[in-house]
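This is final.txt. It holds compact mmCIF, C-alpha atoms.
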```
# COMPACT_ATOMS: atom_id res chain seq x y z
CA TYR A 1 131.52 31.97 52.50
CA HIS A 2 134.54 29.70 52.99
CA LEU A 3 135.53 31.38 56.27
CA PHE A 4 132.44 30.16 58.06
CA CYS A 5 131.69 27.09 55.96
CA VAL A 6 134.97 25.20 56.44
CA PRO A 7 135.10 25.29 60.28
CA ASN A 8 131.48 24.06 60.49
CA ARG A 9 132.38 20.82 58.72
CA SER A 10 134.15 19.74 61.89
CA MET A 11 130.81 19.88 63.77
CA ILE A 12 129.66 16.60 62.17
CA GLY A 13 129.65 13.96 64.93
CA GLN A 14 129.88 16.49 67.77
CA ILE A 15 127.41 16.42 70.66
CA ILE A 16 126.13 19.88 71.56
CA SER A 17 124.03 19.94 74.72
CA HIS A 18 122.10 16.67 74.14
CA TYR A 19 122.06 16.91 70.35
CA LYS A 20 124.36 14.80 68.18
CA ILE A 21 125.19 16.49 64.86
CA LEU A 22 124.61 14.02 61.99
CA GLU A 23 124.94 15.98 58.75
CA LYS A 24 124.74 19.44 57.21
CA LEU A 25 121.40 20.16 55.54
CA GLY A 26 121.99 23.61 54.07
CA GLU A 27 122.84 27.24 54.67
CA GLY A 28 121.58 30.71 53.95
CA GLY A 29 122.28 34.31 54.79
CA MET A 30 120.89 33.90 58.29
CA GLY A 31 122.14 30.48 59.31
CA VAL A 32 123.61 27.04 58.77
CA VAL A 33 121.26 24.08 59.34
CA TYR A 34 122.28 20.61 60.57
CA LYS A 35 120.38 17.39 61.00
CA ALA A 36 120.82 16.14 64.56
CA GLU A 37 119.61 13.46 66.97
CA ASP A 38 117.91 14.48 70.19
CA THR A 39 119.52 11.94 72.53
CA LYS A 40 117.01 12.64 75.33
CA LEU A 41 113.81 12.22 73.37
CA ASP A 42 115.26 9.91 70.70
CA ARG A 43 114.04 11.91 67.71
CA LEU A 44 115.52 13.73 64.72
CA VAL A 45 115.63 17.52 64.84
CA ALA A 46 117.16 20.35 62.80
CA LEU A 47 119.59 22.78 64.43
CA LYS A 48 120.02 26.21 62.86
CA PHE A 49 123.24 28.02 63.87
CA LEU A 50 123.95 31.70 63.42
CA PRO A 51 127.01 31.89 61.10
CA PRO A 52 130.22 32.67 63.03
CA HIS A 53 130.99 35.72 60.90
CA LEU A 54 127.72 37.25 62.12
CA ALA A 55 127.96 36.12 65.73
CA ALA A 56 129.50 39.39 66.88
CA SER A 57 126.56 41.44 65.61
CA GLU A 58 124.01 42.17 68.31
CA GLN A 59 121.49 43.07 65.61
CA ASP A 60 121.79 39.65 63.97
CA LYS A 61 121.56 37.92 67.35
CA ALA A 62 118.39 39.91 67.99
CA ARG A 63 116.94 38.92 64.61
CA PHE A 64 117.91 35.30 65.23
CA THR A 65 116.11 35.36 68.59
CA GLN A 66 113.17 37.05 66.94
CA GLU A 67 112.97 34.20 64.41
CA ALA A 68 112.54 31.68 67.21
CA LYS A 69 109.98 33.79 69.05
CA ALA A 70 108.00 34.55 65.91
CA ALA A 71 107.82 31.00 64.61
CA SER A 72 107.28 29.37 68.02
CA ALA A 73 104.22 31.57 68.53
CA ILE A 74 102.50 29.85 65.58
CA ASN A 75 101.06 26.36 65.84
CA HIS A 76 100.06 25.39 62.31
CA PRO A 77 100.71 22.31 60.13
CA ASN A 78 102.01 24.49 57.30
CA ILE A 79 104.66 26.20 59.43
CA CYS A 80 107.81 24.48 60.69
CA THR A 81 107.60 23.86 64.47
CA ILE A 82 110.20 25.57 66.67
CA TYR A 83 111.09 23.64 69.83
CA SER A 84 113.53 25.95 71.63
CA ILE A 85 116.53 28.28 71.34
CA ASP A 86 119.98 27.67 72.92
CA GLU A 87 123.60 28.83 72.82
CA HIS A 88 126.85 26.90 72.50
CA GLU A 89 130.27 28.55 72.86
CA ASN A 90 128.76 31.98 72.18
CA GLN A 91 127.02 30.59 69.10
CA MET A 92 123.23 30.74 69.14
CA PHE A 93 121.11 28.01 67.56
CA ILE A 94 117.45 27.12 67.17
CA ILE A 95 116.09 23.60 67.66
CA MET A 96 113.32 22.96 65.16
CA GLU A 97 111.30 20.20 63.59
CA PHE A 98 113.23 18.07 61.09
CA VAL A 99 111.34 18.18 57.79
CA ASP A 100 112.03 15.17 55.61
CA GLY A 101 111.54 16.45 52.08
CA GLN A 102 112.74 18.96 49.49
CA THR A 103 112.50 22.70 49.05
CA LEU A 104 109.91 23.98 46.61
CA ARG A 105 112.81 25.05 44.36
CA GLN A 106 114.13 21.47 44.24
CA LYS A 107 110.66 19.97 43.85
CA ARG A 108 109.20 22.44 41.33
CA GLU A 109 109.94 20.54 38.11
CA SER A 110 107.92 17.52 39.25
CA ILE A 111 104.88 19.50 40.45
CA GLY A 112 101.76 19.36 38.27
CA TYR A 113 98.98 21.93 37.93
CA LYS A 114 96.65 20.35 40.51
CA GLN A 115 99.43 19.90 43.07
CA ALA A 116 100.57 23.49 42.49
CA ILE A 117 97.11 24.74 43.48
CA ASP A 118 97.18 22.51 46.60
CA ILE A 119 100.62 23.83 47.59
CA GLY A 120 99.44 27.42 46.99
CA ILE A 121 96.48 26.85 49.32
CA GLN A 122 98.71 25.37 52.04
CA ILE A 123 101.21 28.25 51.89
CA ALA A 124 98.34 30.76 52.02
CA ASP A 125 96.88 29.00 55.07
CA GLY A 126 100.26 29.04 56.83
CA LEU A 127 100.81 32.73 56.08
CA ALA A 128 97.28 33.53 57.27
CA ALA A 129 98.10 31.93 60.64
CA ALA A 130 101.30 34.01 60.88
CA HIS A 131 99.53 37.25 59.92
CA GLU A 132 96.85 36.64 62.54
CA LYS A 133 99.67 36.62 65.13
CA GLY A 134 100.97 39.94 63.77
CA ILE A 135 103.99 38.29 62.10
CA VAL A 136 105.25 39.29 58.64
CA HIS A 137 107.70 36.81 57.06
CA ARG A 138 109.23 39.23 54.49
CA ASP A 139 111.20 36.55 52.62
CA ILE A 140 108.68 34.22 50.98
CA LYS A 141 110.46 32.33 48.18
CA PRO A 142 110.76 28.69 46.96
CA GLU A 143 113.89 28.09 49.04
CA ASN A 144 111.94 28.87 52.22
CA ILE A 145 109.13 26.39 51.48
CA MET A 146 109.69 22.70 52.27
CA ILE A 147 107.55 20.00 50.65
CA ARG A 148 107.47 16.92 52.88
CA LYS A 149 107.36 13.42 51.44
CA ASP A 150 103.67 13.20 52.36
CA GLY A 151 102.94 16.34 50.28
CA ILE A 152 102.55 18.78 53.19
CA ALA A 153 104.04 22.24 52.48
CA GLN A 154 105.73 24.05 55.37
CA ILE A 155 107.00 27.62 55.58
CA MET A 156 110.55 27.85 56.93
CA ASP A 157 112.97 30.57 58.06
CA PHE A 158 111.32 33.43 59.85
CA GLY A 159 114.78 35.05 60.11
CA LEU A 160 113.50 38.19 58.40
CA ALA A 161 110.15 38.27 60.19
CA LYS A 162 109.00 41.45 61.84
CA LEU A 163 106.81 41.51 64.92
CA ARG A 164 104.10 44.13 64.72
CA ALA A 165 102.70 43.31 68.13
CA SER A 166 102.72 46.24 70.52
CA GLY A 167 105.07 46.02 73.46
CA SER A 168 107.81 44.17 71.58
CA LYS A 169 111.26 45.70 72.07
CA ILE A 170 112.30 44.40 68.64
CA THR A 171 109.82 45.97 66.23
CA ARG A 172 112.12 46.94 63.36
CA LEU A 173 115.55 45.48 62.72
CA THR A 174 116.39 47.24 59.46
CA LYS A 175 117.37 50.85 59.04
CA GLU A 176 115.06 53.25 57.21
CA GLY A 177 115.73 53.04 53.49
CA SER A 178 117.39 49.62 53.61
CA THR A 179 116.02 46.57 51.83
CA VAL A 180 115.44 43.14 53.30
CA GLY A 181 114.39 40.14 51.23
CA THR A 182 115.38 38.25 48.09
CA ALA A 183 115.67 39.89 44.67
CA GLY A 184 112.85 38.83 42.37
CA TYR A 185 110.43 38.06 45.20
CA MET A 186 110.45 41.43 46.99
CA SER A 187 107.44 43.71 46.93
CA PRO A 188 107.67 47.24 45.44
CA GLU A 189 107.69 48.73 48.93
CA GLN A 190 110.57 46.44 49.97
CA VAL A 191 112.57 47.40 46.87
CA GLN A 192 112.08 51.08 47.70
CA GLY A 193 112.98 50.62 51.38
CA GLN A 194 109.53 51.64 52.60
CA GLU A 195 107.57 50.35 55.58
CA THR A 196 106.18 46.87 55.01
CA ASP A 197 103.27 44.92 56.41
CA HIS A 198 101.44 41.64 55.69
CA ARG A 199 100.58 42.86 52.17
CA SER A 200 104.26 42.65 51.28
CA ASP A 201 104.07 38.89 51.98
CA ILE A 202 101.04 38.74 49.69
CA PHE A 203 103.05 40.23 46.82
CA SER A 204 105.93 37.78 47.35
CA TYR A 205 103.39 34.96 47.55
CA GLY A 206 101.94 36.11 44.22
CA VAL A 207 105.41 35.96 42.63
CA LEU A 208 105.95 32.46 44.04
CA LEU A 209 102.56 31.19 42.80
CA TYR A 210 103.06 32.81 39.36
CA GLU A 211 106.41 31.02 38.99
CA LEU A 212 104.99 27.74 40.29
CA LEU A 213 102.16 27.76 37.72
CA THR A 214 104.04 29.08 34.68
CA GLY A 215 107.67 28.09 35.30
CA GLN A 216 108.66 31.75 34.86
CA LEU A 217 109.12 34.72 37.17
CA PRO A 218 106.74 37.64 36.49
CA PHE A 219 109.67 40.07 36.52
CA LYS A 220 112.77 39.27 34.46
CA GLY A 221 115.39 42.00 34.84
CA VAL A 222 118.83 40.82 33.70
CA HIS A 223 120.46 42.35 36.80
CA GLU A 224 119.21 43.48 40.19
CA THR A 225 118.74 47.13 39.19
CA ALA A 226 116.67 46.19 36.13
CA LEU A 227 114.75 43.66 38.21
CA ALA A 228 113.98 46.27 40.85
CA TYR A 229 112.75 48.65 38.13
CA GLU A 230 110.39 46.01 36.73
CA ILE A 231 109.00 45.16 40.18
CA VAL A 232 108.17 48.83 40.81
CA ASN A 233 107.06 49.91 37.31
CA VAL A 234 106.20 47.01 34.97
CA ASP A 235 102.94 45.05 35.12
CA PRO A 236 103.43 41.28 34.72
CA ALA A 237 101.98 39.48 31.71
CA PRO A 238 98.89 37.39 32.48
CA MET A 239 99.77 33.76 33.21
CA SER A 240 97.35 32.64 30.50
CA SER A 241 99.49 34.46 27.91
CA ILE A 242 102.31 32.07 28.85
CA LYS A 243 100.16 28.98 29.37
CA PRO A 244 96.75 29.33 27.63
CA GLU A 245 95.32 26.42 29.61
CA ILE A 246 95.40 28.52 32.82
CA ASP A 247 91.88 29.66 33.73
CA PRO A 248 91.29 33.45 33.63
CA SER A 249 89.77 33.31 37.13
CA LEU A 250 93.07 31.95 38.48
CA ASP A 251 94.90 34.68 36.56
CA ALA A 252 92.77 37.29 38.31
CA ILE A 253 93.60 35.85 41.77
CA VAL A 254 97.37 35.93 41.20
CA LEU A 255 97.43 39.32 39.46
CA GLU A 256 95.53 40.84 42.38
CA CYS A 257 98.41 39.69 44.62
CA LEU A 258 100.88 41.44 42.29
CA GLU A 259 99.30 44.90 42.33
CA LYS A 260 101.97 47.62 42.81
CA ASP A 261 99.82 49.78 45.08
CA VAL A 262 99.37 48.11 48.46
CA ASN A 263 95.86 49.58 48.70
CA GLU A 264 94.80 47.97 45.41
CA ARG A 265 96.50 44.67 46.24
CA ALA A 266 94.67 41.77 47.89
CA GLN A 267 94.30 42.86 51.51
CA GLY A 268 94.27 39.46 53.21
CA ILE A 269 96.00 36.18 52.41
CA LYS A 270 93.11 34.28 54.00
CA GLN A 271 90.78 35.51 51.24
CA ILE A 272 93.33 34.32 48.65
CA SER A 273 93.15 30.86 50.21
CA VAL A 274 89.34 30.97 50.02
CA ASP A 275 89.46 32.03 46.35
CA LEU A 276 91.92 29.24 45.46
CA LYS A 277 89.76 26.63 47.21
CA ARG A 278 86.70 27.87 45.31
CA HIS A 279 88.68 27.69 42.03
CA LYS A 280 89.73 24.14 42.87
CA ARG A 281 86.12 23.08 43.56
CA GLU A 282 84.79 24.68 40.38
CA SER A 283 87.57 23.09 38.32
CA SER A 284 86.65 19.69 39.77
CA ARG A 285 82.96 20.24 38.91
CA GLN A 286 83.88 21.16 35.34
CA ARG A 287 85.94 17.98 34.97
CA VAL A 288 83.01 15.91 36.29
CA SER A 289 80.64 17.68 33.89
CA ARG A 290 82.91 16.96 30.93
CA VAL A 291 83.15 13.27 31.88
CA THR A 292 79.36 13.03 32.32
CA ALA A 293 78.74 14.74 28.98
CA ALA A 294 81.11 12.30 27.26
CA ARG A 295 79.14 9.24 28.43
CA PRO A 296 76.71 7.69 25.91
CA ALA A 297 73.10 8.73 26.37
CA ILE A 298 70.59 6.11 27.51
CA LYS A 299 68.23 5.20 24.70
CA VAL A 300 64.55 5.63 25.54
CA SER A 301 62.03 3.42 23.75
CA GLN A 302 59.69 5.32 21.48
CA SER A 303 56.14 4.50 20.58
CA LEU A 304 55.34 3.54 16.99
CA PRO A 305 54.47 6.52 14.75
CA ILE A 306 50.81 7.06 14.03
CA ALA A 307 49.96 6.74 10.36
CA GLU A 308 48.88 9.96 8.75
CA PRO A 309 46.55 10.27 5.81
CA GLN A 310 48.38 10.36 2.47
CA GLU A 311 48.52 13.62 0.55
CA SER A 312 47.67 13.84 -3.12
CA ALA A 313 50.64 13.47 -5.53
CA TRP A 314 50.54 17.04 -6.91
CA LYS A 315 50.66 18.56 -3.39
CA LYS A 316 53.56 16.32 -2.49
CA TYR A 317 55.65 17.30 -5.55
CA PHE A 318 54.71 20.97 -5.27
CA GLY A 319 56.22 21.01 -1.78
CA TYR A 320 59.46 19.48 -3.07
CA ILE A 321 59.68 22.02 -5.92
CA LEU A 322 59.03 24.98 -3.62
CA SER A 323 61.64 23.74 -1.12
CA GLY A 324 64.18 23.36 -3.92
CA VAL A 325 63.61 26.88 -5.25
CA LEU A 326 64.00 28.39 -1.76
CA ALA A 327 67.19 26.40 -1.15
CA VAL A 328 68.75 27.64 -4.42
CA ALA A 329 67.79 31.24 -3.58
CA VAL A 330 69.41 31.02 -0.13
CA ILE A 331 72.57 29.49 -1.59
CA MET A 332 72.87 32.25 -4.22
CA LEU A 333 72.48 34.91 -1.52
CA LEU A 334 75.01 33.45 0.85
CA TRP A 335 77.60 32.03 -1.53
CA ASN A 336 79.34 33.73 -4.43
CA PRO A 337 80.96 31.03 -6.62
CA TRP A 338 83.46 33.57 -7.99
CA GLU A 339 84.91 34.36 -4.55
CA LYS A 340 88.11 32.52 -3.62
CA THR A 341 87.44 32.52 0.12
CA GLU A 342 84.80 30.36 1.74
CA SER A 343 82.49 31.70 4.38
CA ALA A 344 82.72 30.12 7.80
CA THR A 345 80.11 30.02 10.51
CA ARG A 346 81.64 31.41 13.66
CA PRO A 347 80.09 31.57 17.12
CA ILE A 348 79.16 34.90 18.64
CA VAL A 349 81.90 36.04 21.04
CA ARG A 350 81.03 37.96 24.19
CA SER A 351 83.97 39.14 26.27
CA SER A 352 84.70 41.42 29.21
CA ILE A 353 88.09 43.15 29.28
CA PHE A 354 89.63 45.01 32.20
CA LEU A 355 91.65 47.96 30.93
CA ALA A 356 94.71 48.90 32.99
CA GLN A 357 94.43 52.28 34.70
CA THR A 358 97.57 53.34 32.83
CA ALA A 359 96.08 52.38 29.46
CA PRO A 360 92.51 53.71 29.01
CA LEU A 361 91.08 53.83 25.49
CA SER A 362 91.99 56.96 23.52
CA GLY A 363 89.32 56.67 20.84
CA LEU A 364 92.07 56.64 18.21
CA GLY A 365 91.30 53.21 16.90
CA ILE A 366 90.16 49.72 17.74
CA ALA A 367 90.20 46.60 15.58
CA VAL A 368 89.12 42.95 15.81
CA SER A 369 91.09 40.10 14.19
CA PRO A 370 89.43 38.19 11.31
CA ASP A 371 88.99 35.09 13.47
CA GLY A 372 87.43 37.12 16.30
CA LYS A 373 90.00 35.93 18.85
CA TYR A 374 91.93 39.18 19.35
CA LEU A 375 91.22 42.87 19.78
CA VAL A 376 93.74 45.69 19.52
CA SER A 377 93.22 49.25 20.76
CA THR A 378 95.18 52.46 21.23
CA ALA A 379 95.74 53.69 24.78
CA ARG A 380 95.94 57.36 25.68
CA SER A 381 99.70 56.99 25.86
CA GLY A 382 99.65 56.00 22.19
CA GLN A 383 100.81 52.44 22.85
CA LEU A 384 98.82 49.64 21.26
CA GLN A 385 97.17 47.21 23.66
CA LEU A 386 96.46 43.58 22.70
CA HIS A 387 93.43 41.80 24.18
CA ARG A 388 92.60 38.12 23.92
CA MET A 389 88.85 37.60 23.89
CA ASP A 390 89.11 34.58 26.20
CA GLN A 391 91.00 36.55 28.86
CA MET A 392 90.08 39.30 31.29
CA THR A 393 93.19 41.47 30.99
CA SER A 394 95.17 43.09 28.21
CA GLN A 395 98.86 43.67 27.63
CA PRO A 396 100.85 46.41 25.84
CA ILE A 397 102.58 45.59 22.57
CA PRO A 398 106.26 46.49 23.12
CA GLY A 399 107.48 49.30 20.85
CA ALA A 400 104.14 49.70 19.05
CA TYR A 401 102.94 53.33 19.29
CA GLY A 402 100.39 54.68 16.79
CA ILE A 403 96.76 55.11 15.80
CA GLN A 404 94.08 53.44 13.68
CA PRO A 405 95.27 49.83 14.08
CA ALA A 406 94.00 47.12 11.72
CA PHE A 407 94.63 43.41 11.22
CA SER A 408 96.06 41.91 8.03
CA PRO A 409 93.66 39.58 6.11
CA ASP A 410 95.42 36.49 7.48
CA GLY A 411 95.26 37.90 11.03
CA GLN A 412 99.00 37.48 11.61
CA TRP A 413 99.98 41.19 11.54
CA ILE A 414 98.74 44.39 13.14
CA VAL A 415 99.08 47.47 10.90
CA PHE A 416 98.93 51.04 12.26
CA PHE A 417 99.83 54.65 11.53
CA ALA A 418 103.00 55.79 13.32
CA GLY A 419 103.38 59.50 12.54
CA GLN A 420 103.76 59.82 8.75
CA ASN A 421 104.57 56.16 8.34
CA ILE A 422 102.60 52.93 8.19
CA SER A 423 104.08 50.27 10.47
CA LYS A 424 103.28 46.66 11.22
CA VAL A 425 103.98 44.32 14.14
CA SER A 426 103.54 40.56 14.35
CA LEU A 427 100.63 39.27 16.42
CA THR A 428 103.05 36.85 18.13
```
What is this file in structure tokens?
Amino acid sequence: YHLFCVPNRSMIGQIISHYKILEKLGEGGMGVVYKAEDTKLDRLVALKFLPPHLAASEQDKARFTQEAKAASAINHPNICTIYSIDEHENQMFIIMEFVDGQTLRQKRESIGYKQAIDIGIQIADGLAAAHEKGIVHRDIKPENIMIRKDGIAQIMDFGLAKLRASGSKITRLTKEGSTVGTAGYMSPEQVQGQETDHRSDIFSYGVLLYELLTGQLPFKGVHETALAYEIVNVDPAPMSSIKPEIDPSLDAIVLECLEKDVNERAQGIKQISVDLKRHKRESSRQRVSRVTAARPAIKVSQSLPIAEPQESAWKKYFGYILSGVLAVAVIMLLWNPWEKTESATRPIVRSSIFLAQTAPLSGLGIAVSPDGKYLVSTARSGQLQLHRMDQMTSQPIPGAYGIQPAFSPDGQWIVFFAGQNISKVSLT
């Protein structure tokens, strides 16, 4: 790190070709980026230099060139524009658009729910343009997304991109079995060193959007090996289990991006963009409906009631007496004064639940919580599965294996038979 970082500090103020180096913007595994002035066209640009300690590698030079070719082939507002590629004292560099803003990582804390959806749509649109050109980014993460001051999101750093176009001499720049990408955002096939395509970007995009909406990564291994295991084997918790205000339809969109099997995963990022735009429109309509419903109703004038003939006194009182007797009978049927608990009128709940393929019902028990908000069942593996009635998906209860589950009267505990023992686990 220090070997290539210290010498580059001396580049500030230098003029390379017709670019005057102004300041260092950042660095990553594939390059160091400087802000510079184009003295010919009188504009600000960004120069990305291949780090000196990698300059001797022909493979890295090839990948660096590939980055320029890949990104320059795409003309889209959500992808950083590449102007040209050059070399200075055997050091290659790319001249690209200077983006005045912050990375998504730096900006994340100040991003609200609505803006997060907008950013997700923009990133999806940019990736769709790249995939249409046969380009796979392979390193989608918050550090590679810039948010300009005007709110435009732009995808940066195609240093790990792979051209799938036929006829390209550089079609694969990683050895079989090697991994390329960033831990936490890699797809299962990347983690396992398998062949990747545009669906790998979709998985990484799903991780990014999940984190953007919840503030948490879907996979949380304490070290890279544990993280890799979770990416390959563990299904992420629904976003609505972390933030209940997240709509189940949005949950379904993101979880489809995070499917382990590439054939069950969302097959095109363009469709994800369409789904997010539809979700945004429907959310806006719901907000308008709520505002309209909250407005006071317009009073309509009514005609005067028509006088009806008066009933005789005994008929009038007989009706009152009969009504009173019926009311007392209904009360005695529905209310027992000696019971300590009061009955409560609850709405009928209708819910659809998608069971994971790894957790079909075993028939060994199913129970509904007293308040009707939760359902617990036993999977064929023996593990208890918890379902929220207002969500589409379920999640396993860690460490809870048994049969015949039931809820405690207060609904705070789940009780079940575990072998010869009776065990309980907290609902939370």
**Item:** Given only C-alpha atoms as the counted atoms, nearest of A:Gln106, A:Ser426, A:Gln385, A:Asn78 to Asp410 (chain A)
**Value:**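 Checking each candidate against Asp410 (chain A), we get A:Ser426 as the closest.
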**Asked** CA of Gly151 (chain A) and CA of Ser249 (chain A), how far apart in Å?
**Response**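 Answer for the CA of Ser249 (chain A) to CA of Gly151 (chain A) separation: 25.2 Å.
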**Message:** I'd like the interatomic distance between CA of Pro248 (chain A) and CA of Gln412 (chain A), to a tenth of an Å.
**Reply:**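 We find that CA of Pro248 (chain A) and CA of Gln412 (chain A) lie 23.7 Å from each other.
Distances here use only C-alpha atoms; by that measure, the residue among A:Glu87, A:Asp390, A:Glu27, A:Glu109 closest to Glu143 (chain A) is A:Glu27.
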**CA of Phe417 (chain A) to CA of Gln395 (chain A), distance in Å rounded to a single decimal** =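 Those two atoms sit 19.5 Å apart.
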**Message:** Using all atoms listed in the file, can you tell me which of A:Lys220, A:His76, A:Arg278, A:His198 comes closest to Ala129 (chain A)?
**Reply:**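 Among A:Lys220, A:His76, A:Arg278, A:His198, it is A:His76 that comes nearest to Ala129 (chain A).
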Proximity check region 35-93 of chain A to region 14-21 of chain A, 8 Å, nearest pairs one decimal Å, all atoms listed in the file, as CSV:
```
residue,atom,partner,partner_atom,distance
A:Lys35,CA,A:Ile21,CA,6.2
A:Ala36,CA,A:Ile21,CA,4.4
A:Glu37,CA,A:Lys20,CA,5.1
A:Asp38,CA,A:Tyr19,CA,4.8
A:Thr39,CA,A:His18,CA,5.6
A:Lys40,CA,A:His18,CA,6.6
A:His88,CA,A:Ile16,CA,7.1
```
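Closest to Ser394 (chain A) among A:Ser377, A:Gln66, A:Gln102, A:Gln154 is A:Ser377, based on all atoms listed in the file.
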**Fill in**
The residue from A:Gly193, A:Gly215, A:Pro409, A:Pro236 with the smallest atom-to-atom distance to Leu255 (chain A), counting all atoms listed in the file, is A:Pro236
Excluding Ser72 (chain A) and residues on its chain fewer than 6 positions from it, collect all residues at most 9 Å away from it, counting all atoms listed in the file, and give them as a short mmCIF file (atom, residue, chain, number, x, y, z; two decimals) with C-alpha atoms, in the coordinates of the input.
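Saved to around.cif:
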```cif
data_model
loop_
_atom_site.label_atom_id
_atom_site.label_comp_id
_atom_site.auth_asym_id
_atom_site.auth_seq_id
_atom_site.Cartn_x
_atom_site.Cartn_y
_atom_site.Cartn_z
CA CYS A 80 107.81 24.48 60.69
CA THR A 81 107.60 23.86 64.47
CA ILE A 82 110.20 25.57 66.67
CA TYR A 83 111.09 23.64 69.83
CA SER A 84 113.53 25.95 71.63
#
```
**Request:** Could you please give me, as a PyMOL selection string, the residues of protein, DNA or RNA lying at most 12 Å from (103.1, 38.1, 48.7) in the coordinate frame of the file, considering all atoms listed in the file?
**Result:** chain A and resi 120+123-124+127-128+131+136-141+181+184-190+196-210+253-260+262+265-270+272
